[in-house]
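**Q** Just one file: target20.cif, with mmCIF, N, CA and C atoms.
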```
data_work
loop_
_atom_site.label_atom_id
_atom_site.label_comp_id
_atom_site.auth_asym_id
_atom_site.auth_seq_id
_atom_site.Cartn_x
_atom_site.Cartn_y
_atom_site.Cartn_z
N MET O 1424 -78.78 -129.49 74.06
CA MET O 1424 -77.40 -129.16 73.76
C MET O 1424 -77.04 -127.86 74.48
N ASP O 1425 -75.87 -127.83 75.05
CA ASP O 1425 -75.41 -126.64 75.78
C ASP O 1425 -75.04 -125.52 74.83
N ARG O 1426 -75.50 -124.33 75.18
CA ARG O 1426 -75.11 -123.15 74.40
C ARG O 1426 -73.87 -122.55 75.03
N HIS O 1427 -73.04 -122.02 74.21
CA HIS O 1427 -71.80 -121.39 74.67
C HIS O 1427 -71.96 -119.88 74.61
N SER O 1428 -71.11 -119.19 75.33
CA SER O 1428 -71.11 -117.73 75.32
C SER O 1428 -69.87 -117.21 74.63
N ILE O 1429 -70.08 -116.24 73.79
CA ILE O 1429 -68.97 -115.51 73.18
C ILE O 1429 -69.01 -114.13 73.83
N ASN O 1430 -67.95 -113.80 74.53
CA ASN O 1430 -67.89 -112.50 75.20
C ASN O 1430 -67.12 -111.52 74.33
N VAL O 1431 -67.77 -110.41 74.05
CA VAL O 1431 -67.20 -109.39 73.18
C VAL O 1431 -67.10 -108.09 73.96
N ASN O 1432 -65.91 -107.55 74.04
CA ASN O 1432 -65.71 -106.26 74.70
C ASN O 1432 -65.97 -105.14 73.70
N VAL O 1433 -66.74 -104.16 74.15
CA VAL O 1433 -67.10 -103.03 73.30
C VAL O 1433 -66.47 -101.77 73.88
N GLY O 1434 -65.85 -100.98 73.01
CA GLY O 1434 -65.24 -99.73 73.43
C GLY O 1434 -65.71 -98.58 72.56
N TRP O 1435 -65.17 -97.43 72.83
CA TRP O 1435 -65.49 -96.21 72.09
C TRP O 1435 -64.18 -95.57 71.65
N SER O 1436 -64.11 -95.18 70.40
CA SER O 1436 -62.92 -94.50 69.90
C SER O 1436 -63.34 -93.50 68.84
N GLY O 1437 -62.90 -92.26 69.00
CA GLY O 1437 -63.26 -91.23 68.03
C GLY O 1437 -64.75 -90.97 68.06
N ASP O 1438 -65.43 -91.39 66.99
CA ASP O 1438 -66.88 -91.21 66.89
C ASP O 1438 -67.62 -92.52 66.73
N ASN O 1439 -66.99 -93.63 67.09
CA ASN O 1439 -67.60 -94.93 66.85
C ASN O 1439 -67.44 -95.88 68.02
N PHE O 1440 -68.40 -96.79 68.13
CA PHE O 1440 -68.25 -97.94 68.99
C PHE O 1440 -67.43 -98.95 68.21
N TYR O 1441 -66.68 -99.79 68.91
CA TYR O 1441 -65.92 -100.83 68.23
C TYR O 1441 -65.89 -102.09 69.09
N CYS O 1442 -65.68 -103.21 68.43
CA CYS O 1442 -65.45 -104.47 69.15
C CYS O 1442 -64.51 -105.33 68.32
N VAL O 1443 -63.78 -106.16 69.03
CA VAL O 1443 -62.85 -107.09 68.40
C VAL O 1443 -63.04 -108.44 69.07
N TRP O 1444 -63.13 -109.49 68.26
CA TRP O 1444 -63.21 -110.85 68.79
C TRP O 1444 -62.15 -111.69 68.11
N GLU O 1445 -61.31 -112.33 68.91
CA GLU O 1445 -60.28 -113.22 68.40
C GLU O 1445 -60.84 -114.63 68.35
N ASP O 1446 -60.64 -115.32 67.23
CA ASP O 1446 -61.23 -116.66 67.10
C ASP O 1446 -60.41 -117.76 67.77
N GLY O 1447 -59.31 -117.41 68.39
CA GLY O 1447 -58.50 -118.41 69.07
C GLY O 1447 -57.52 -119.11 68.15
N GLN O 1448 -57.56 -118.78 66.88
CA GLN O 1448 -56.62 -119.35 65.93
C GLN O 1448 -55.78 -118.20 65.41
N ASP O 1449 -55.97 -117.85 64.17
CA ASP O 1449 -55.21 -116.73 63.60
C ASP O 1449 -56.09 -115.61 63.10
N GLY O 1450 -57.37 -115.65 63.39
CA GLY O 1450 -58.28 -114.66 62.85
C GLY O 1450 -59.00 -113.86 63.91
N SER O 1451 -59.65 -112.83 63.45
CA SER O 1451 -60.45 -112.01 64.35
C SER O 1451 -61.56 -111.34 63.56
N VAL O 1452 -62.55 -110.88 64.31
CA VAL O 1452 -63.64 -110.11 63.72
C VAL O 1452 -63.59 -108.74 64.37
N ILE O 1453 -63.50 -107.72 63.54
CA ILE O 1453 -63.42 -106.34 64.01
C ILE O 1453 -64.57 -105.57 63.38
N VAL O 1454 -65.32 -104.87 64.23
CA VAL O 1454 -66.48 -104.13 63.74
C VAL O 1454 -66.51 -102.76 64.40
N THR O 1455 -66.89 -101.75 63.62
CA THR O 1455 -67.16 -100.42 64.17
C THR O 1455 -68.54 -99.98 63.68
N ALA O 1456 -69.18 -99.14 64.48
CA ALA O 1456 -70.50 -98.62 64.10
C ALA O 1456 -70.81 -97.39 64.93
N LYS O 1457 -71.74 -96.59 64.46
CA LYS O 1457 -72.16 -95.37 65.15
C LYS O 1457 -73.07 -95.64 66.34
N THR O 1458 -73.78 -96.79 66.32
CA THR O 1458 -74.69 -97.12 67.41
C THR O 1458 -74.41 -98.54 67.90
N ILE O 1459 -74.81 -98.82 69.14
CA ILE O 1459 -74.65 -100.16 69.70
C ILE O 1459 -75.51 -101.16 68.92
N ASP O 1460 -76.73 -100.79 68.58
CA ASP O 1460 -77.60 -101.70 67.84
C ASP O 1460 -76.98 -102.10 66.51
N LYS O 1461 -76.45 -101.13 65.80
CA LYS O 1461 -75.79 -101.41 64.51
C LYS O 1461 -74.55 -102.26 64.72
N LEU O 1462 -73.79 -101.98 65.77
CA LEU O 1462 -72.59 -102.75 66.07
C LEU O 1462 -72.95 -104.22 66.31
N LYS O 1463 -73.98 -104.46 67.10
CA LYS O 1463 -74.40 -105.83 67.40
C LYS O 1463 -74.86 -106.56 66.13
N LYS O 1464 -75.65 -105.88 65.32
CA LYS O 1464 -76.13 -106.48 64.07
C LYS O 1464 -74.96 -106.81 63.15
N ASP O 1465 -74.07 -105.85 62.96
CA ASP O 1465 -72.92 -106.04 62.07
C ASP O 1465 -71.96 -107.10 62.61
N PHE O 1466 -71.78 -107.13 63.94
CA PHE O 1466 -70.88 -108.13 64.51
C PHE O 1466 -71.42 -109.53 64.29
N ALA O 1467 -72.70 -109.74 64.56
CA ALA O 1467 -73.30 -111.07 64.39
C ALA O 1467 -73.15 -111.55 62.94
N GLU O 1468 -73.41 -110.66 61.99
CA GLU O 1468 -73.26 -111.01 60.57
C GLU O 1468 -71.80 -111.28 60.23
N SER O 1469 -70.91 -110.44 60.70
CA SER O 1469 -69.47 -110.60 60.41
C SER O 1469 -68.93 -111.88 61.01
N LEU O 1470 -69.38 -112.23 62.20
CA LEU O 1470 -68.94 -113.46 62.85
C LEU O 1470 -69.36 -114.67 62.02
N GLN O 1471 -70.60 -114.69 61.56
CA GLN O 1471 -71.07 -115.81 60.73
C GLN O 1471 -70.27 -115.91 59.44
N LEU O 1472 -70.01 -114.77 58.80
CA LEU O 1472 -69.23 -114.78 57.56
C LEU O 1472 -67.80 -115.25 57.82
N HIS O 1473 -67.22 -114.84 58.93
CA HIS O 1473 -65.86 -115.25 59.29
C HIS O 1473 -65.79 -116.76 59.48
N ILE O 1474 -66.74 -117.30 60.22
CA ILE O 1474 -66.76 -118.75 60.47
C ILE O 1474 -66.95 -119.51 59.16
N GLN O 1475 -67.89 -119.07 58.33
CA GLN O 1475 -68.12 -119.74 57.04
C GLN O 1475 -66.87 -119.70 56.17
N GLY O 1476 -66.23 -118.53 56.11
CA GLY O 1476 -65.03 -118.39 55.29
C GLY O 1476 -63.89 -119.27 55.77
N CYS O 1477 -63.72 -119.34 57.07
CA CYS O 1477 -62.65 -120.18 57.63
C CYS O 1477 -62.92 -121.66 57.37
N ILE O 1478 -64.17 -122.07 57.50
CA ILE O 1478 -64.52 -123.47 57.24
C ILE O 1478 -64.27 -123.80 55.78
N GLU O 1479 -64.65 -122.88 54.88
CA GLU O 1479 -64.40 -123.10 53.44
C GLU O 1479 -62.91 -123.20 53.14
N ASP O 1480 -62.09 -122.52 53.95
CA ASP O 1480 -60.64 -122.58 53.77
C ASP O 1480 -60.02 -123.81 54.41
N GLY O 1481 -60.85 -124.62 55.09
CA GLY O 1481 -60.35 -125.84 55.70
C GLY O 1481 -59.93 -125.70 57.14
N ASP O 1482 -60.18 -124.55 57.74
CA ASP O 1482 -59.83 -124.37 59.15
C ASP O 1482 -60.83 -125.14 60.02
N SER O 1483 -60.36 -125.62 61.16
CA SER O 1483 -61.26 -126.32 62.07
C SER O 1483 -61.76 -125.35 63.14
N PHE O 1484 -63.00 -125.52 63.49
CA PHE O 1484 -63.63 -124.68 64.49
C PHE O 1484 -64.42 -125.58 65.43
N PRO O 1485 -64.63 -125.14 66.66
CA PRO O 1485 -65.49 -125.91 67.57
C PRO O 1485 -66.89 -126.05 66.98
N GLU O 1486 -67.50 -127.19 67.26
CA GLU O 1486 -68.84 -127.47 66.72
C GLU O 1486 -69.86 -126.40 67.09
N TYR O 1487 -69.77 -125.87 68.30
CA TYR O 1487 -70.77 -124.89 68.71
C TYR O 1487 -70.72 -123.64 67.83
N LEU O 1488 -69.53 -123.27 67.33
CA LEU O 1488 -69.44 -122.13 66.42
C LEU O 1488 -70.02 -122.49 65.05
N ILE O 1489 -69.68 -123.67 64.58
CA ILE O 1489 -70.17 -124.11 63.27
C ILE O 1489 -71.70 -124.21 63.27
N ASN O 1490 -72.25 -124.75 64.37
CA ASN O 1490 -73.70 -124.96 64.45
C ASN O 1490 -74.48 -123.74 64.94
N GLY O 1491 -73.79 -122.69 65.34
CA GLY O 1491 -74.48 -121.49 65.83
C GLY O 1491 -75.05 -121.67 67.23
N ASP O 1492 -74.47 -122.60 68.01
CA ASP O 1492 -74.96 -122.84 69.37
C ASP O 1492 -74.26 -121.92 70.36
N TYR O 1493 -74.42 -120.63 70.15
CA TYR O 1493 -73.77 -119.66 71.03
C TYR O 1493 -74.62 -118.41 71.17
N ASP O 1494 -74.39 -117.74 72.27
CA ASP O 1494 -74.99 -116.44 72.52
C ASP O 1494 -73.85 -115.44 72.60
N ILE O 1495 -74.09 -114.25 72.10
CA ILE O 1495 -73.07 -113.21 72.14
C ILE O 1495 -73.39 -112.27 73.30
N ASN O 1496 -72.43 -112.10 74.19
CA ASN O 1496 -72.56 -111.18 75.31
C ASN O 1496 -71.65 -109.98 75.06
N TYR O 1497 -72.23 -108.81 75.10
CA TYR O 1497 -71.47 -107.59 74.87
C TYR O 1497 -71.20 -106.90 76.20
N ASP O 1498 -69.93 -106.64 76.46
CA ASP O 1498 -69.53 -105.97 77.69
C ASP O 1498 -68.97 -104.59 77.32
N LEU O 1499 -69.71 -103.55 77.66
CA LEU O 1499 -69.31 -102.19 77.31
C LEU O 1499 -68.31 -101.66 78.33
N ASP O 1500 -67.20 -101.10 77.83
CA ASP O 1500 -66.29 -100.42 78.75
C ASP O 1500 -66.93 -99.10 79.15
N ALA O 1501 -66.27 -98.37 80.06
CA ALA O 1501 -66.86 -97.14 80.60
C ALA O 1501 -67.19 -96.13 79.50
N ALA O 1502 -66.27 -95.96 78.55
CA ALA O 1502 -66.50 -94.98 77.48
C ALA O 1502 -67.72 -95.37 76.65
N ALA O 1503 -67.81 -96.64 76.27
CA ALA O 1503 -68.95 -97.10 75.46
C ALA O 1503 -70.25 -97.02 76.25
N LEU O 1504 -70.18 -97.35 77.53
CA LEU O 1504 -71.37 -97.30 78.39
C LEU O 1504 -71.93 -95.88 78.46
N ILE O 1505 -71.05 -94.91 78.70
CA ILE O 1505 -71.49 -93.51 78.80
C ILE O 1505 -71.97 -92.99 77.45
N ARG O 1506 -71.21 -93.29 76.38
CA ARG O 1506 -71.61 -92.81 75.04
C ARG O 1506 -72.95 -93.39 74.63
N ASN O 1507 -73.18 -94.65 74.95
CA ASN O 1507 -74.47 -95.26 74.62
C ASN O 1507 -75.58 -94.62 75.45
N ALA O 1508 -75.32 -94.35 76.72
CA ALA O 1508 -76.32 -93.73 77.60
C ALA O 1508 -76.71 -92.35 77.11
N GLU O 1509 -75.79 -91.66 76.44
CA GLU O 1509 -76.08 -90.31 75.95
C GLU O 1509 -77.18 -90.30 74.89
N THR O 1510 -77.58 -91.47 74.40
CA THR O 1510 -78.68 -91.51 73.44
C THR O 1510 -80.03 -91.31 74.13
N PHE O 1511 -80.08 -91.49 75.47
CA PHE O 1511 -81.35 -91.31 76.17
C PHE O 1511 -81.26 -90.44 77.42
N THR O 1512 -80.07 -89.96 77.75
CA THR O 1512 -79.92 -89.07 78.90
C THR O 1512 -78.74 -88.14 78.66
N THR O 1513 -78.44 -87.32 79.63
CA THR O 1513 -77.33 -86.38 79.49
C THR O 1513 -76.21 -86.71 80.47
N MET O 1514 -75.04 -86.21 80.16
CA MET O 1514 -73.89 -86.36 81.04
C MET O 1514 -74.19 -85.69 82.39
N SER O 1515 -74.88 -84.57 82.34
CA SER O 1515 -75.23 -83.86 83.59
C SER O 1515 -76.13 -84.71 84.48
N ALA O 1516 -77.09 -85.40 83.89
CA ALA O 1516 -77.98 -86.25 84.68
C ALA O 1516 -77.21 -87.42 85.29
N ILE O 1517 -76.34 -88.03 84.51
CA ILE O 1517 -75.52 -89.13 85.03
C ILE O 1517 -74.64 -88.63 86.17
N SER O 1518 -74.07 -87.46 85.99
CA SER O 1518 -73.20 -86.86 87.01
C SER O 1518 -73.98 -86.60 88.29
N ARG O 1519 -75.14 -85.98 88.15
CA ARG O 1519 -75.95 -85.61 89.32
C ARG O 1519 -76.35 -86.85 90.12
N ILE O 1520 -76.76 -87.90 89.45
CA ILE O 1520 -77.25 -89.09 90.14
C ILE O 1520 -76.10 -89.95 90.67
N SER O 1521 -75.02 -90.04 89.91
CA SER O 1521 -73.89 -90.89 90.34
C SER O 1521 -73.01 -90.20 91.37
N GLY O 1522 -73.05 -88.87 91.38
CA GLY O 1522 -72.16 -88.13 92.27
C GLY O 1522 -70.74 -88.00 91.72
N ILE O 1523 -70.56 -88.37 90.47
CA ILE O 1523 -69.26 -88.25 89.82
C ILE O 1523 -69.23 -86.94 89.05
N ASN O 1524 -68.19 -86.17 89.25
CA ASN O 1524 -68.03 -84.89 88.59
C ASN O 1524 -68.22 -85.03 87.08
N ARG O 1525 -68.93 -84.07 86.48
CA ARG O 1525 -69.21 -84.12 85.04
C ARG O 1525 -67.94 -84.15 84.21
N LYS O 1526 -66.94 -83.38 84.61
CA LYS O 1526 -65.67 -83.36 83.87
C LYS O 1526 -65.00 -84.74 83.93
N GLN O 1527 -65.07 -85.38 85.10
CA GLN O 1527 -64.50 -86.72 85.24
C GLN O 1527 -65.23 -87.71 84.34
N LEU O 1528 -66.56 -87.62 84.30
CA LEU O 1528 -67.34 -88.47 83.40
C LEU O 1528 -66.94 -88.25 81.94
N SER O 1529 -66.71 -87.00 81.60
CA SER O 1529 -66.28 -86.68 80.24
C SER O 1529 -64.93 -87.33 79.93
N HIS O 1530 -64.03 -87.33 80.90
CA HIS O 1530 -62.74 -88.00 80.71
C HIS O 1530 -62.95 -89.50 80.47
N TYR O 1531 -63.86 -90.10 81.22
CA TYR O 1531 -64.15 -91.52 81.03
C TYR O 1531 -64.76 -91.76 79.65
N ALA O 1532 -65.71 -90.92 79.26
CA ALA O 1532 -66.40 -91.07 77.97
C ALA O 1532 -65.46 -90.91 76.79
N ASN O 1533 -64.41 -90.12 76.96
CA ASN O 1533 -63.47 -89.89 75.87
C ASN O 1533 -62.24 -90.78 75.95
N GLY O 1534 -62.21 -91.67 76.94
CA GLY O 1534 -61.09 -92.58 77.08
C GLY O 1534 -59.82 -91.94 77.59
N VAL O 1535 -59.93 -90.69 78.08
CA VAL O 1535 -58.76 -90.00 78.62
C VAL O 1535 -58.33 -90.65 79.93
N LYS O 1536 -59.31 -91.04 80.73
CA LYS O 1536 -59.07 -91.73 81.99
C LYS O 1536 -59.96 -92.97 82.05
N HIS O 1537 -59.52 -93.94 82.83
CA HIS O 1537 -60.28 -95.17 82.99
C HIS O 1537 -60.73 -95.29 84.45
N PRO O 1538 -62.02 -95.46 84.65
CA PRO O 1538 -62.54 -95.49 86.02
C PRO O 1538 -62.18 -96.77 86.77
N ARG O 1539 -62.09 -96.63 88.07
CA ARG O 1539 -61.93 -97.79 88.94
C ARG O 1539 -63.26 -98.56 88.94
N PRO O 1540 -63.23 -99.82 89.32
CA PRO O 1540 -64.47 -100.61 89.34
C PRO O 1540 -65.60 -99.96 90.15
N ILE O 1541 -65.27 -99.33 91.25
CA ILE O 1541 -66.31 -98.69 92.07
C ILE O 1541 -67.00 -97.56 91.30
N GLN O 1542 -66.24 -96.84 90.48
CA GLN O 1542 -66.83 -95.77 89.67
C GLN O 1542 -67.76 -96.34 88.60
N ILE O 1543 -67.36 -97.45 88.00
CA ILE O 1543 -68.22 -98.09 86.99
C ILE O 1543 -69.52 -98.54 87.65
N THR O 1544 -69.42 -99.08 88.85
CA THR O 1544 -70.62 -99.49 89.59
C THR O 1544 -71.53 -98.29 89.84
N ARG O 1545 -70.96 -97.16 90.20
CA ARG O 1545 -71.76 -95.95 90.43
C ARG O 1545 -72.42 -95.46 89.15
N ILE O 1546 -71.71 -95.54 88.03
CA ILE O 1546 -72.27 -95.13 86.75
C ILE O 1546 -73.44 -96.04 86.37
N LYS O 1547 -73.24 -97.34 86.51
CA LYS O 1547 -74.31 -98.30 86.18
C LYS O 1547 -75.52 -98.11 87.09
N ALA O 1548 -75.28 -97.86 88.37
CA ALA O 1548 -76.39 -97.63 89.30
C ALA O 1548 -77.15 -96.36 88.91
N ALA O 1549 -76.43 -95.32 88.53
CA ALA O 1549 -77.09 -94.08 88.10
C ALA O 1549 -77.94 -94.32 86.86
N LEU O 1550 -77.42 -95.09 85.92
CA LEU O 1550 -78.17 -95.39 84.70
C LEU O 1550 -79.41 -96.22 85.02
N ALA O 1551 -79.31 -97.10 86.01
CA ALA O 1551 -80.48 -97.89 86.43
C ALA O 1551 -81.55 -96.98 87.02
N VAL O 1552 -81.13 -95.99 87.81
CA VAL O 1552 -82.09 -95.02 88.38
C VAL O 1552 -82.75 -94.23 87.26
N ILE O 1553 -81.95 -93.74 86.33
CA ILE O 1553 -82.51 -92.97 85.20
C ILE O 1553 -83.48 -93.83 84.41
N GLY O 1554 -83.11 -95.09 84.15
CA GLY O 1554 -83.99 -96.00 83.42
C GLY O 1554 -85.31 -96.24 84.14
N SER O 1555 -85.24 -96.44 85.44
CA SER O 1555 -86.47 -96.68 86.20
C SER O 1555 -87.34 -95.43 86.21
N GLN O 1556 -86.73 -94.26 86.26
CA GLN O 1556 -87.50 -93.02 86.22
C GLN O 1556 -88.16 -92.84 84.86
N LEU O 1557 -87.48 -93.21 83.79
CA LEU O 1557 -88.06 -93.12 82.47
C LEU O 1557 -89.22 -94.11 82.33
N LEU O 1558 -89.07 -95.31 82.85
CA LEU O 1558 -90.15 -96.29 82.79
C LEU O 1558 -91.37 -95.84 83.59
N ALA O 1559 -91.13 -95.15 84.67
CA ALA O 1559 -92.24 -94.67 85.52
C ALA O 1559 -93.10 -93.63 84.79
N LEU O 1560 -92.56 -93.03 83.76
CA LEU O 1560 -93.32 -92.03 83.01
C LEU O 1560 -94.42 -92.63 82.15
N SER O 1561 -94.29 -93.90 81.81
CA SER O 1561 -95.27 -94.51 80.90
C SER O 1561 -96.51 -95.02 81.61
#
```
Could you quickly redo this structure as structure tokens?
**A**
Amino acid sequence: MDRHSINVNVGWSGDNFYCVWEDGQDGSVIVTAKTIDKLKKDFAESLQLHIQGCIEDGDSFPEYLINGDYDINYDLDAAALIRNAETFTTMSAISRISGINRKQLSHYANGVKHPRPIQITRIKAALAVIGSQLLALS
């Protein structure tokens, strides 16, 4: 049986990560959490409860949702990506490796400015370098 993908966009606001998923009908699942791991755990649980509640109310849903034949893909925006990275590195390290000014990174992390796709690519590449350097330590 084919598995489906549920794509969930993750952002950062205030002091929390957040995500919103629209069910394509009249409902949605909204979750906030202090960490990405907690957000993912809470979202998966909330999604299951939402589907169960809607089915009990007589709403129709695609079979793959009812049967749990789906994978959840989380796509972090720039702010969420940087805030999550701060759990294992510093803004200065990301700046140094990406070549993006630290103040500019701070604007991205706080949602003041939104980076162009090329900047997001540079941030992700810098995080990959940092990750590989951390792995090399073991």
**Q** Would you write out, as a ChimeraX atom specification, every residue that the PyMOL selection byres ((chain O and resi 1546) around 8) captures in this file?
**A** /O:1517-1518,1520-1523,1540-1545,1547-1552
**Q** Which residue, O:Ser1451, O:Asn1496, O:Asp1480, O:Trp1435, has the smallest gap to O:Lys1463 when you use only C-alpha atoms?
**A**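 Closest candidate: O:Asn1496.
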**Q** If we count only N, CA and C atoms, what is near O:Lys1457 at a cut-off of 7 Å, once residues fewer than 2 positions away on the same chain are taken out, given as JSON, numbers by chain?
**A** {"O": [1438, 1439, 1440, 1455, 1459, 1460, 1461, 1462]}
**Q** Between atom C of O:Asn1524 and atom C of O:Asn1432, measure the distance and give it in Å to one decimal.
**A**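 Interatomic distance, atom C of O:Asn1524 to atom C of O:Asn1432: 24.3 Å.
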**Q** Determine the nearest neighbour of O:Asp1494 from the options O:Leu1528, O:Ala1467, O:Ile1453, O:Ile1553, counting only C-alpha atoms.
**A**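 Nearest to O:Asp1494: O:Ala1467.
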**Q** Hey, which of O:Leu1472, O:Gly1534, O:Tyr1441, O:Asn1430 ends up closest to O:Thr1458? Count all atoms listed in the file.
**A**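 Answer, going by the shortest atom-to-atom distance: O:Tyr1441.
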**Q** Atom C of O:Trp1444 to atom CA of O:Leu1470: how many Å, to one decimal?
**A** 8.8 Å
**Q** Could you pull the residues within 12 Å of O:Pro1485, counting only C-alpha atoms, minus those fewer than 5 positions along the same chain, as a PyMOL selection string?
**A** chain O and resi 1427+1446-1448+1474+1477-1478+1490-1493
**Q** Could you state the separation of atom C of O:Arg1525 and atom C of O:Thr1513 in Å, given to one decimal place?
**A**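 Those two atoms sit 9.4 Å apart.
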**Q** Would you give me, as an MDAnalysis selection string, the residues in stretch 1425-1548 of chain O that DSSP reads as alpha helix (DSSP H)?
**A** chainID O and resid 1459:1479 1486:1490 1501:1508 1514:1521 1525:1532 1540:1548
